[in-house]
$ cat query_29.cif   # mmCIF, C-alpha atoms and all ligand atoms
data_data
loop_
_atom_site.label_atom_id
_atom_site.label_comp_id
_atom_site.auth_asym_id
_atom_site.auth_seq_id
_atom_site.Cartn_x
_atom_site.Cartn_y
_atom_site.Cartn_z
CA MET A 1 -33.65 -99.40 67.74
CA THR A 2 -33.08 -95.82 68.85
CA HIS A 3 -29.68 -94.27 69.59
CA SER A 4 -29.08 -90.81 71.03
CA TYR A 5 -26.01 -88.60 70.64
CA ASP A 6 -24.96 -84.97 70.94
CA ALA A 7 -24.16 -84.96 67.21
CA ILE A 8 -24.51 -87.25 64.21
CA VAL A 9 -22.05 -87.01 61.32
CA LEU A 10 -23.22 -88.40 57.98
CA GLY A 11 -20.21 -89.71 56.02
CA GLY A 12 -16.94 -91.19 57.27
CA GLY A 13 -14.66 -89.43 54.81
CA ALA A 14 -11.97 -86.85 55.48
CA ALA A 15 -14.34 -84.04 56.51
CA GLY A 16 -16.70 -86.15 58.62
CA LEU A 17 -13.91 -87.85 60.55
CA MET A 18 -12.09 -84.59 61.31
CA CYS A 19 -15.34 -83.07 62.52
CA ALA A 20 -16.12 -86.07 64.74
CA ILE A 21 -12.60 -86.11 66.24
CA THR A 22 -12.72 -82.39 67.04
CA ALA A 23 -16.17 -82.63 68.64
CA GLY A 24 -15.25 -85.85 70.49
CA GLN A 25 -12.18 -84.15 71.96
CA ARG A 26 -14.53 -81.48 73.30
CA GLY A 27 -16.48 -84.13 75.17
CA ARG A 28 -19.36 -84.45 72.70
CA ARG A 29 -20.95 -87.86 72.15
CA VAL A 30 -20.64 -88.29 68.38
CA ALA A 31 -21.62 -91.03 65.94
CA VAL A 32 -20.30 -91.23 62.37
CA LEU A 33 -22.66 -93.05 60.01
CA GLU A 34 -20.88 -94.45 56.95
CA ARG A 35 -22.68 -96.43 54.28
CA ALA A 36 -19.55 -98.25 53.04
CA ASP A 37 -18.08 -101.22 54.89
CA ARG A 38 -15.11 -99.09 55.95
CA ILE A 39 -14.27 -95.43 56.49
CA GLY A 40 -12.10 -93.25 54.29
CA LYS A 41 -12.34 -95.17 51.03
CA LYS A 42 -11.50 -92.06 49.00
CA ILE A 43 -8.53 -91.28 51.19
CA LEU A 44 -7.23 -94.76 50.40
CA ILE A 45 -7.22 -94.24 46.62
CA SER A 46 -6.12 -90.62 46.78
CA GLY A 47 -2.81 -89.37 45.49
CA GLY A 48 -2.18 -92.64 43.65
CA GLY A 49 -2.48 -94.54 46.98
CA ARG A 50 -0.17 -92.17 48.88
CA CYS A 51 -2.70 -89.43 49.76
CA ASN A 52 -1.65 -85.89 48.95
CA PHE A 53 -3.00 -84.85 52.33
CA THR A 54 -2.28 -81.11 52.24
CA ASN A 55 -0.36 -78.36 50.51
CA LEU A 56 2.22 -76.12 52.19
CA HIS A 57 1.16 -73.15 50.07
CA CYS A 58 -2.58 -73.39 50.69
CA ARG A 59 -4.30 -70.04 50.05
CA PRO A 60 -7.90 -69.01 49.41
CA GLU A 61 -6.89 -68.40 45.76
CA ASN A 62 -6.48 -72.18 45.37
CA PHE A 63 -10.24 -72.67 45.68
CA LEU A 64 -13.23 -72.15 43.38
CA SER A 65 -16.51 -71.05 44.85
CA SER A 66 -19.33 -68.69 43.97
CA ASN A 67 -18.13 -66.74 47.00
CA PRO A 68 -14.29 -66.76 46.93
CA HIS A 69 -14.17 -65.24 50.44
CA PHE A 70 -16.17 -67.99 52.13
CA CYS A 71 -13.27 -70.44 52.61
CA LYS A 72 -10.94 -67.87 54.21
CA SER A 73 -12.06 -68.16 57.80
CA ALA A 74 -11.94 -71.97 57.97
CA LEU A 75 -8.59 -72.15 56.15
CA ALA A 76 -7.14 -69.65 58.62
CA ARG A 77 -8.47 -71.53 61.65
CA TYR A 78 -7.11 -74.93 60.60
CA THR A 79 -3.95 -74.66 58.55
CA PRO A 80 -1.72 -77.17 56.74
CA GLN A 81 0.67 -76.85 59.74
CA ASP A 82 -2.11 -78.07 62.06
CA PHE A 83 -2.61 -81.18 59.97
CA ILE A 84 1.14 -81.74 59.60
CA ALA A 85 1.44 -81.59 63.41
CA LEU A 86 -1.14 -84.39 63.63
CA VAL A 87 0.70 -86.48 61.01
CA GLU A 88 3.97 -85.94 62.88
CA LYS A 89 2.37 -86.86 66.22
CA HIS A 90 1.53 -90.23 64.65
CA GLN A 91 5.04 -90.52 63.21
CA ILE A 92 3.80 -90.97 59.66
CA PRO A 93 6.67 -90.47 57.23
CA PHE A 94 5.88 -88.01 54.42
CA HIS A 95 7.60 -85.94 51.77
CA GLU A 96 7.02 -82.91 49.57
CA LYS A 97 6.65 -84.09 46.01
CA THR A 98 6.36 -80.83 44.13
CA LEU A 99 4.77 -77.38 44.51
CA GLY A 100 4.19 -77.85 48.25
CA GLN A 101 2.24 -81.11 47.81
CA LEU A 102 2.73 -83.42 50.82
CA PHE A 103 2.36 -87.19 50.33
CA CYS A 104 2.75 -90.20 52.62
CA ASP A 105 6.03 -92.05 52.03
CA HIS A 106 4.30 -95.44 52.36
CA SER A 107 0.54 -95.51 51.99
CA ALA A 108 -2.67 -93.53 52.39
CA GLN A 109 -3.65 -96.25 54.86
CA ASP A 110 -1.37 -94.45 57.38
CA ILE A 111 -3.74 -91.45 57.29
CA ILE A 112 -6.79 -93.67 57.77
CA ALA A 113 -5.14 -95.47 60.69
CA MET A 114 -4.30 -92.10 62.22
CA LEU A 115 -7.90 -90.86 61.93
CA GLU A 116 -9.21 -94.15 63.36
CA GLU A 117 -6.89 -93.87 66.33
CA GLU A 118 -7.90 -90.25 66.93
CA CYS A 119 -11.58 -91.26 66.75
CA ARG A 120 -10.97 -93.99 69.31
CA ALA A 121 -9.13 -91.62 71.64
CA ALA A 122 -11.93 -89.05 71.34
CA GLY A 123 -14.64 -91.65 72.01
CA VAL A 124 -16.23 -91.30 68.58
CA GLU A 125 -18.55 -94.12 67.61
CA ILE A 126 -18.05 -95.22 63.99
CA CYS A 127 -20.94 -97.12 62.42
CA THR A 128 -19.94 -98.60 59.05
CA SER A 129 -22.35 -100.30 56.61
CA THR A 130 -24.87 -97.77 57.91
CA HIS A 131 -26.71 -96.05 55.11
CA ALA A 132 -28.56 -92.88 56.10
CA ARG A 133 -31.79 -93.00 54.10
CA GLU A 134 -34.01 -90.37 55.61
CA VAL A 135 -33.74 -87.39 57.91
CA ARG A 136 -36.55 -85.63 59.71
CA ARG A 137 -36.59 -82.94 62.30
CA SER A 138 -38.79 -82.68 65.35
CA ASP A 139 -37.19 -81.16 68.44
CA GLN A 140 -34.05 -83.04 67.28
CA PHE A 141 -32.71 -84.48 64.03
CA VAL A 142 -33.72 -88.08 63.45
CA VAL A 143 -31.69 -90.10 60.94
CA SER A 144 -33.24 -93.32 59.81
CA THR A 145 -31.17 -96.15 58.32
CA GLY A 146 -33.95 -98.71 57.94
CA ASN A 147 -33.63 -100.73 61.15
CA HIS A 148 -32.21 -98.00 63.35
CA GLU A 149 -32.96 -94.42 64.28
CA TYR A 150 -30.30 -91.99 65.41
CA HIS A 151 -31.33 -88.86 67.36
CA ALA A 152 -29.25 -85.76 67.98
CA PRO A 153 -29.66 -81.99 68.28
CA ALA A 154 -26.85 -81.47 65.73
CA LEU A 155 -26.49 -83.07 62.30
CA VAL A 156 -23.36 -82.69 60.16
CA VAL A 157 -23.64 -83.59 56.48
CA ALA A 158 -20.27 -84.78 55.15
CA THR A 159 -21.47 -87.09 52.39
CA GLY A 160 -19.05 -85.79 49.72
CA GLY A 161 -19.63 -85.08 46.04
CA LEU A 162 -20.79 -87.04 43.01
CA SER A 163 -17.39 -88.12 41.67
CA ILE A 164 -16.55 -91.81 41.29
CA PRO A 165 -20.07 -93.26 41.63
CA LYS A 166 -18.69 -96.78 41.62
CA MET A 167 -17.09 -95.99 44.99
CA GLY A 168 -20.51 -95.18 46.40
CA ALA A 169 -20.81 -91.43 45.80
CA THR A 170 -24.40 -90.32 46.30
CA ALA A 171 -26.46 -87.17 45.90
CA PHE A 172 -27.80 -87.64 49.45
CA GLY A 173 -26.16 -84.48 50.83
CA TYR A 174 -27.57 -82.29 48.07
CA GLU A 175 -31.04 -83.84 48.45
CA LEU A 176 -30.93 -83.21 52.17
CA ALA A 177 -29.95 -79.58 51.60
CA ARG A 178 -32.92 -79.18 49.24
CA GLN A 179 -35.24 -80.91 51.70
CA PHE A 180 -34.35 -78.24 54.29
CA GLY A 181 -34.76 -75.41 51.78
CA LEU A 182 -31.06 -74.67 51.16
CA LYS A 183 -29.94 -73.51 47.70
CA ILE A 184 -27.53 -75.59 45.62
CA ARG A 185 -25.08 -74.21 43.09
CA ASP A 186 -25.09 -76.35 39.93
CA CYS A 187 -22.76 -79.33 40.26
CA ARG A 188 -20.26 -80.35 37.58
CA PRO A 189 -17.28 -82.69 37.34
CA ALA A 190 -13.96 -80.94 38.10
CA LEU A 191 -10.29 -81.99 38.04
CA VAL A 192 -11.38 -84.18 35.16
CA PRO A 193 -9.85 -85.24 31.82
CA LEU A 194 -11.27 -83.47 28.76
CA THR A 195 -12.47 -85.18 25.60
CA PHE A 196 -11.89 -84.27 21.97
CA GLY A 197 -14.52 -84.07 19.25
CA ALA A 198 -14.29 -86.51 16.34
CA ASP A 199 -11.82 -84.45 14.26
CA ASP A 200 -9.30 -83.75 16.99
CA ARG A 201 -9.58 -87.32 18.17
CA LYS A 202 -8.67 -88.51 14.68
CA HIS A 203 -5.77 -86.07 14.56
CA TYR A 204 -4.18 -86.71 17.94
CA CYS A 205 -5.52 -89.66 19.91
CA ASP A 206 -3.28 -92.28 18.31
CA LEU A 207 -0.54 -90.43 20.21
CA ALA A 208 -2.07 -91.51 23.57
CA GLY A 209 0.62 -91.58 26.24
CA VAL A 210 2.63 -88.65 24.87
CA SER A 211 3.09 -85.78 27.34
CA ALA A 212 4.57 -82.28 27.31
CA GLU A 213 4.89 -79.34 29.67
CA VAL A 214 2.45 -76.64 28.61
CA ILE A 215 0.60 -73.61 29.93
CA ALA A 216 -3.11 -74.38 29.74
CA SER A 217 -5.35 -71.35 30.10
CA THR A 218 -8.91 -70.12 29.95
CA GLY A 219 -9.87 -66.56 30.80
CA ARG A 220 -7.43 -65.29 33.40
CA GLN A 221 -6.71 -68.71 34.87
CA TYR A 222 -3.63 -70.61 33.75
CA PHE A 223 -1.54 -73.57 34.86
CA ARG A 224 1.97 -74.52 33.80
CA GLU A 225 2.26 -78.26 34.20
CA LYS A 226 2.30 -81.51 32.22
CA MET A 227 -0.36 -82.29 29.61
CA LEU A 228 -1.03 -85.86 28.53
CA ILE A 229 -2.70 -87.05 25.33
CA THR A 230 -5.20 -89.85 26.05
CA HIS A 231 -7.28 -92.22 23.91
CA ARG A 232 -10.20 -89.81 24.15
CA GLY A 233 -8.63 -86.36 24.56
CA LEU A 234 -6.37 -84.64 27.07
CA SER A 235 -5.39 -85.21 30.68
CA GLY A 236 -2.37 -84.62 32.94
CA PRO A 237 -2.12 -82.06 35.76
CA ALA A 238 -2.33 -78.97 33.50
CA ILE A 239 -5.57 -80.21 31.95
CA LEU A 240 -7.13 -81.46 35.21
CA GLN A 241 -6.44 -78.07 36.77
CA ILE A 242 -7.87 -76.03 33.90
CA SER A 243 -10.88 -78.37 33.56
CA SER A 244 -12.31 -76.92 36.80
CA TYR A 245 -12.45 -73.48 35.17
CA TRP A 246 -13.37 -74.55 31.63
CA LYS A 247 -16.92 -73.95 30.37
CA GLN A 248 -18.56 -76.23 27.83
CA GLY A 249 -18.24 -74.88 24.29
CA GLU A 250 -15.32 -72.55 25.06
CA PRO A 251 -11.82 -73.08 23.67
CA LEU A 252 -8.76 -73.73 25.80
CA SER A 253 -5.51 -72.05 24.94
CA LEU A 254 -2.35 -74.15 25.13
CA ASP A 255 1.17 -72.78 25.07
CA LEU A 256 3.19 -75.72 23.76
CA ALA A 257 6.59 -74.21 24.49
CA PRO A 258 6.36 -71.80 27.44
CA GLU A 259 8.94 -69.00 27.31
CA ARG A 260 10.71 -70.53 24.32
CA ASP A 261 11.06 -69.19 20.78
CA ILE A 262 10.77 -72.35 18.72
CA THR A 263 11.35 -70.91 15.26
CA LYS A 264 13.83 -68.18 16.15
CA GLN A 265 16.82 -69.89 14.54
CA LEU A 266 14.81 -70.66 11.41
CA ARG A 267 13.75 -67.04 11.10
CA LEU A 268 17.36 -65.89 11.38
CA GLU A 269 18.60 -68.22 8.64
CA SER A 270 18.08 -67.23 5.05
CA GLY A 271 18.67 -70.68 3.57
CA GLY A 272 17.76 -74.23 4.69
CA ARG A 273 14.15 -73.42 5.55
CA ASP A 274 12.33 -76.61 4.89
CA LEU A 275 9.95 -78.86 6.77
CA GLY A 276 12.92 -80.92 8.01
CA ALA A 277 14.46 -77.87 9.70
CA ALA A 278 11.09 -76.88 11.22
CA ARG A 279 10.63 -80.42 12.48
CA THR A 280 14.07 -80.35 14.14
CA ALA A 281 13.19 -77.06 15.84
CA PHE A 282 9.87 -78.39 17.21
CA ARG A 283 11.38 -81.75 18.16
CA ALA A 284 13.90 -79.90 20.32
CA LEU A 285 11.03 -78.78 22.58
CA LEU A 286 8.26 -81.35 22.16
CA PRO A 287 8.12 -85.16 22.02
CA ASP A 288 9.03 -86.22 18.46
CA ARG A 289 5.70 -87.80 17.50
CA PHE A 290 3.68 -84.89 18.80
CA ALA A 291 6.03 -82.32 17.19
CA ASP A 292 5.73 -84.07 13.81
CA ARG A 293 1.95 -84.40 13.99
CA TRP A 294 1.35 -80.88 15.17
CA LEU A 295 3.54 -79.48 12.42
CA GLU A 296 1.87 -81.67 9.79
CA LEU A 297 -1.43 -80.04 10.77
CA HIS A 298 -0.17 -76.47 11.13
CA THR A 299 2.77 -75.87 8.77
CA PRO A 300 2.24 -72.97 6.39
CA GLN A 301 2.85 -73.47 2.67
CA HIS A 302 5.88 -71.18 2.58
CA LEU A 303 8.23 -70.74 5.47
CA THR A 304 8.56 -66.97 5.16
CA ASN A 305 9.34 -64.93 8.27
CA PRO A 306 5.74 -63.66 8.68
CA ALA A 307 4.46 -67.23 8.23
CA LEU A 308 6.97 -68.52 10.80
CA GLU A 309 5.94 -65.77 13.21
CA ASP A 310 2.33 -66.85 12.75
CA LEU A 311 3.29 -70.45 13.37
CA GLU A 312 5.17 -69.39 16.51
CA ARG A 313 2.10 -67.51 17.77
CA THR A 314 -0.15 -70.50 17.07
CA ALA A 315 2.19 -72.80 19.00
CA HIS A 316 1.94 -70.50 22.04
CA HIS A 317 -1.81 -69.96 21.74
CA TRP A 318 -3.02 -73.26 20.33
CA LYS A 319 -6.82 -73.02 20.59
CA ILE A 320 -8.57 -76.29 21.11
CA THR A 321 -12.24 -76.75 21.99
CA PRO A 322 -12.89 -79.93 23.99
CA SER A 323 -16.17 -81.66 23.24
CA GLY A 324 -16.73 -82.33 26.95
CA THR A 325 -15.28 -84.00 30.03
CA GLU A 326 -14.88 -87.63 31.06
CA GLY A 327 -17.66 -86.97 33.61
CA TYR A 328 -18.08 -88.00 37.24
CA ASP A 329 -16.62 -91.47 36.54
CA LYS A 330 -13.18 -89.90 36.17
CA ALA A 331 -13.55 -86.59 38.03
CA GLU A 332 -11.49 -86.16 41.17
CA VAL A 333 -14.01 -83.75 42.65
CA THR A 334 -17.43 -82.15 42.20
CA ALA A 335 -17.55 -78.39 41.73
CA GLY A 336 -20.66 -76.56 42.91
CA GLY A 337 -22.78 -77.80 45.81
CA VAL A 338 -24.47 -76.32 48.86
CA ASP A 339 -24.50 -72.56 48.35
CA THR A 340 -22.09 -70.86 50.73
CA ASP A 341 -24.62 -68.02 51.21
CA GLU A 342 -26.63 -70.55 53.19
CA LEU A 343 -23.84 -71.31 55.68
CA SER A 344 -21.87 -69.56 58.39
CA ALA A 345 -18.24 -69.30 57.20
CA LYS A 346 -17.10 -69.72 60.80
CA THR A 347 -19.05 -72.82 61.80
CA MET A 348 -20.52 -74.26 58.53
CA GLU A 349 -23.95 -74.18 60.20
CA SER A 350 -27.00 -73.51 58.08
CA ARG A 351 -28.33 -69.98 58.56
CA LYS A 352 -31.89 -71.22 58.09
CA VAL A 353 -31.81 -74.49 60.04
CA PRO A 354 -29.99 -74.24 63.38
CA GLY A 355 -28.09 -77.43 64.21
CA LEU A 356 -27.63 -78.48 60.56
CA TYR A 357 -24.06 -78.31 59.21
CA PHE A 358 -22.48 -79.00 55.79
CA ILE A 359 -18.74 -79.66 55.40
CA GLY A 360 -16.22 -80.95 52.84
CA GLU A 361 -16.90 -81.55 49.18
CA VAL A 362 -20.69 -81.26 49.40
CA VAL A 363 -20.21 -77.50 49.91
CA ASP A 364 -19.63 -75.17 46.96
CA VAL A 365 -15.88 -74.91 47.67
CA THR A 366 -13.56 -76.84 45.35
CA GLY A 367 -9.80 -77.00 45.61
CA GLN A 368 -7.26 -77.07 42.84
CA LEU A 369 -5.17 -80.18 42.35
CA GLY A 370 -2.41 -80.64 44.93
CA GLY A 371 -3.80 -81.49 48.37
CA PHE A 372 -6.18 -78.53 48.60
CA ASN A 373 -9.37 -80.59 48.64
CA PHE A 374 -8.23 -82.52 51.69
CA GLN A 375 -7.15 -79.29 53.38
CA TRP A 376 -10.68 -77.95 52.82
CA ALA A 377 -12.15 -81.19 54.23
CA TRP A 378 -9.92 -80.99 57.36
CA ALA A 379 -10.52 -77.24 57.86
CA SER A 380 -14.30 -77.23 57.35
CA GLY A 381 -14.59 -80.39 59.46
CA PHE A 382 -12.57 -78.81 62.26
CA CYS A 383 -14.73 -75.66 62.27
CA ALA A 384 -17.99 -77.60 62.50
CA GLY A 385 -16.43 -79.88 65.14
CA GLN A 386 -15.63 -76.81 67.26
CA ALA A 387 -19.22 -75.61 67.01
CA ILE A 388 -21.42 -78.66 67.60
C1 LIG A 401 -9.14 -90.74 42.62
C2 LIG A 401 -9.14 -89.56 43.55
C3 LIG A 401 -7.94 -89.09 44.06
C4 LIG A 401 -7.91 -87.96 44.89
N1 LIG A 401 -6.70 -87.54 45.39
C5 LIG A 401 -6.68 -86.45 46.19
C6 LIG A 401 -5.45 -86.02 46.78
O1 LIG A 401 -4.40 -86.67 46.66
N2 LIG A 401 -5.47 -84.86 47.53
C7 LIG A 401 -6.62 -84.15 47.75
O2 LIG A 401 -6.58 -83.13 48.43
N3 LIG A 401 -7.81 -84.58 47.25
C8 LIG A 401 -7.85 -85.70 46.49
N4 LIG A 401 -9.07 -86.13 46.00
C9 LIG A 401 -10.30 -85.40 46.42
C10 LIG A 401 -10.67 -85.82 47.86
O3 LIG A 401 -10.63 -87.23 47.95
C11 LIG A 401 -12.05 -85.31 48.24
O4 LIG A 401 -12.16 -83.94 47.99
C12 LIG A 401 -12.31 -85.58 49.73
O5 LIG A 401 -12.23 -86.96 49.97
C13 LIG A 401 -13.66 -85.05 50.15
O6 LIG A 401 -13.90 -85.43 51.47
P1 LIG A 401 -15.38 -85.53 52.05
O7 LIG A 401 -15.21 -86.04 53.44
O8 LIG A 401 -16.09 -84.26 51.83
O9 LIG A 401 -16.11 -86.61 51.14
P2 LIG A 401 -15.80 -88.16 50.89
O10 LIG A 401 -14.37 -88.45 51.14
O11 LIG A 401 -16.35 -88.47 49.55
O12 LIG A 401 -16.63 -88.90 52.01
C14 LIG A 401 -18.05 -88.96 51.99
C15 LIG A 401 -18.47 -90.23 52.66
O13 LIG A 401 -19.87 -90.21 52.84
C16 LIG A 401 -20.37 -91.52 52.64
N5 LIG A 401 -21.82 -91.42 52.34
C17 LIG A 401 -22.40 -90.88 51.22
N6 LIG A 401 -23.74 -90.95 51.31
C18 LIG A 401 -24.01 -91.54 52.52
C19 LIG A 401 -25.22 -91.89 53.19
N7 LIG A 401 -26.41 -91.64 52.65
N8 LIG A 401 -25.13 -92.48 54.42
C20 LIG A 401 -23.93 -92.74 54.98
N9 LIG A 401 -22.75 -92.43 54.38
C21 LIG A 401 -22.80 -91.83 53.16
C22 LIG A 401 -19.54 -92.04 51.48
O14 LIG A 401 -19.55 -93.45 51.44
C23 LIG A 401 -18.18 -91.47 51.83
O15 LIG A 401 -17.39 -92.34 52.60
C24 LIG A 401 -9.12 -87.28 45.20
C25 LIG A 401 -10.33 -87.77 44.71
C26 LIG A 401 -10.34 -88.90 43.90
C27 LIG A 401 -11.67 -89.40 43.40
#

$ encode --input "query_29.cif" --output "structure tokens"
Amino acid sequence: MTHSYDAIVLGGGAAGLMCAITAGQRGRRVAVLERADRIGKKILISGGGRCNFTNLHCRPENFLSSNPHFCKSALARYTPQDFIALVEKHQIPFHEKTLGQLFCDHSAQDIIAMLEEECRAAGVEICTSTHAREVRRSDQFVVSTGNHEYHAPALVVATGGLSIPKMGATAFGYELARQFGLKIRDCRPALVPLTFGADDRKHYCDLAGVSAEVIASTGRQYFREKMLITHRGLSGPAILQISSYWKQGEPLSLDLAPERDITKQLRLESGGRDLGAARTAFRALLPDRFADRWLELHTPQHLTNPALEDLERTAHHWKITPSGTEGYDKAEVTAGGVDTDELSAKTMESRKVPGLYFIGEVVDVTGQLGGFNFQWAWASGFCAGQAI
């Protein structure tokens, strides 16, 4: 069977739905093809089930991309306030958790219901359990799903990244970009827990569950948030954030006691300098088990002032080299993707192939943790929706 539309959107996630709503409101006849049996599956599991749908302090600096300027136009044209206005129009209760991160009070399902209602109002046709398998281009784009063919002069690729394959993530968007001659920036898991090599695992992983506030840094990038020891390495917001910037083989630097002088009192005292006193000092700032273990592995033989100063420095610049990441199975997003040089920053349309658009996570724009990835999905979706 053949179906004809003004535009076809591949992928019923955050970006695809926002694009379809925007275009539908402009009177375009739009179909969203979604391979899963329902739309917005990732929205549903996001933010621990409450969807961190945007961030009040969203700035271009919160995104990684080979071209850091690319995201600016879209982020300026569709802001967090625009999405908040939509959430408020649907009377969805929400709150700021921390650092400008906005979450639903009840459930991420509220956001999905809102998008569904907006699609209905805009006349968008949503086709679930519809797997796009092949695209060809004659005078129009033709998407084939096996039994059906969908024709349209505009095709929007919103098929997401490679993270969480068991939820149906596919490389279809990247393959399509290649098919049409667009360059891809290497993909890698981002916002992902890091793993330890055998030695560090032996030293620390029995402490799984212990957490501490740290500054995790690599190069010029740093994040001051919680770090969590896991059964295989490190996680927690500080580690997820820095993982997006970390390069295989490089060390991370961890400040275990930001802005605190752990051994100051010890250095001032002439007597009573023993391991017990050092332990008390570290336990005052770190969880007991972690303080004890870390000291066991780093205490100098003699607690002289220079040795204590060294220890202090090490605690603020603890160098640890992860063996790798937990991979796409555990990554919240995929960094890399369709090269932004290939796309118009205003409309997300391919420069080489008129009528072909890429939006959301499939593009080489990756947000930090905290609602930025959804804001990119809404903003890039909106811009394409205005253009098709
Ligand atoms: C566990 C988890 C929690 C997260 N929490 C947050 C959060 O709180 N805040 C935040 O900002 N970000 C969060 N993210 C990231 C965020 O979910 C993504 O960045 C965002 O969903 C990307 O939107 P998208 O529309 O580009 O892609 P997706 O949401 O991945 O949607 C792509 C859709 O395309 C469909 N598809 C793929 N191939 C085909 C095909 N061939 N034919 C038809 N359909 C196809 C897929 O089934 C999917 O529904 C989280 C991610 C994960 C994994």

$ axis_aligned_box --input "query_29.cif" --around "ligand LIG 401 (chain A)" --padding-each-side "4 Å" --output "AutoDock Vina command-line options"
--center_x -15.4 --center_y -88.3 --center_z 48.8 --size_x 30.0 --size_y 18.3 --size_z 20.4

$ closest_residue --input "query_29.cif" --among "A:Tyr357, A:Phe223, A:Trp294, A:Phe53" --to "ligand LIG 401 (chain A)" --atoms "all atoms listed in the file"
A:Phe53

$ residues_around --input "query_29.cif" --residues "Pro306 of chain A" --least-positions-apart "6" --cutoff "12 Å" --atoms "all atoms listed in the file" --output "ChimeraX atom specification"
/A:263-264,266-267,300,312-313

$ residues_near_point --input "query_29.cif" --point "(-12.6, -83.2, 42.8)" --cutoff "9 Å" --atoms "all atoms listed in the file" --output "count of residues only"
18

$ residues_near_ligand --input "query_29.cif" --ligand "ligand LIG 401 (chain A)" --cutoff "7 Å" --atoms "only C-alpha atoms and all ligand atoms" --output "JSON, numbers by chain"
{"A": [10, 11, 12, 13, 14, 15, 16, 33, 34, 35, 36, 39, 40, 41, 42, 43, 45, 46, 47, 48, 51, 52, 53, 54, 130, 131, 132, 133, 158, 159, 160, 161, 163, 164, 168, 169, 170, 172, 173, 331, 332, 333, 359, 360, 361, 362, 369, 370, 371, 372, 373, 374, 375, 377]}

$ closest_residue --input "query_29.cif" --among "A:Val353, A:Val214, A:Ala23, A:Ile320" --to "Leu285 of chain A" --atoms "all atoms listed in the file"
A:Val214

$ atom_distance --input "query_29.cif" --atom1 "atom CA of Thr128 of chain A" --atom2 "atom CA of Glu116 of chain A"
12.4 Å

$ atom_distance --input "query_29.cif" --atom1 "atom CA of Phe63 of chain A" --atom2 "atom CA of Ala85 of chain A"
23.0 Å

$ residues_around --input "query_29.cif" --residues "Gly24 of chain A" --least-positions-apart "5" --cutoff "12 Å" --atoms "all atoms listed in the file" --output "ChimeraX atom specification"
/A:5-9,16-19,29-32,118-126,382,384-388

$ atom_distance --input "query_29.cif" --atom1 "atom CA of Asp105 of chain A" --atom2 "atom CA of Arg50 of chain A"
7.0 Å

$ residues_around --input "query_29.cif" --residues "Gln91 of chain A" --least-positions-apart "3" --cutoff "12 Å" --atoms "all atoms listed in the file" --output "ChimeraX atom specification"
/A:84-88,94,104-106,110-111,113-114

$ residues_around --input "query_29.cif" --residues "Leu44 of chain A" --least-positions-apart "5" --cutoff "6 Å" --atoms "all atoms listed in the file" --output "MDAnalysis selection string"
chainID A and resid 49 108:109

$ residues_around --input "query_29.cif" --residues "Asp274 of chain A" --least-positions-apart "3" --cutoff "12 Å" --atoms "all atoms listed in the file" --output "VMD selection string"
chain A and resid 263 266 to 267 269 to 271 277 to 281 295 299 to 304 308

$ build_atoms --input "query_29.cif" --residues "segment 231-241 of chain A" --atoms "N, CA and C atoms" --output "CSV table (one decimal), in the coordinates of the input"
chain,number,residue,atom,x,y,z
A,231,HIS,N,-6.5,-91.6,25.0
A,231,HIS,CA,-7.3,-92.2,23.9
A,231,HIS,C,-8.5,-91.4,23.5
A,232,ARG,N,-9.0,-90.5,24.4
A,232,ARG,CA,-10.2,-89.8,24.2
A,232,ARG,C,-10.0,-88.3,24.1
A,233,GLY,N,-8.8,-87.8,24.5
A,233,GLY,CA,-8.6,-86.4,24.6
A,233,GLY,C,-7.4,-86.0,25.3
A,234,LEU,N,-7.5,-85.2,26.3
A,234,LEU,CA,-6.4,-84.6,27.1
A,234,LEU,C,-6.5,-84.8,28.6
A,235,SER,N,-5.4,-85.1,29.2
A,235,SER,CA,-5.4,-85.2,30.7
A,235,SER,C,-4.1,-84.7,31.2
A,236,GLY,N,-3.6,-85.1,32.3
A,236,GLY,CA,-2.4,-84.6,32.9
A,236,GLY,C,-2.7,-83.4,33.8
A,237,PRO,N,-1.8,-83.1,34.8
A,237,PRO,CA,-2.1,-82.1,35.8
A,237,PRO,C,-2.6,-80.7,35.2
A,238,ALA,N,-1.9,-80.3,34.1
A,238,ALA,CA,-2.3,-79.0,33.5
A,238,ALA,C,-3.8,-79.0,33.1
A,239,ILE,N,-4.2,-80.1,32.5
A,239,ILE,CA,-5.6,-80.2,32.0
A,239,ILE,C,-6.6,-80.4,33.1
A,240,LEU,N,-6.2,-81.3,34.1
A,240,LEU,CA,-7.1,-81.5,35.2
A,240,LEU,C,-7.4,-80.1,35.9
A,241,GLN,N,-6.3,-79.4,36.1
A,241,GLN,CA,-6.4,-78.1,36.8
A,241,GLN,C,-7.4,-77.1,36.0
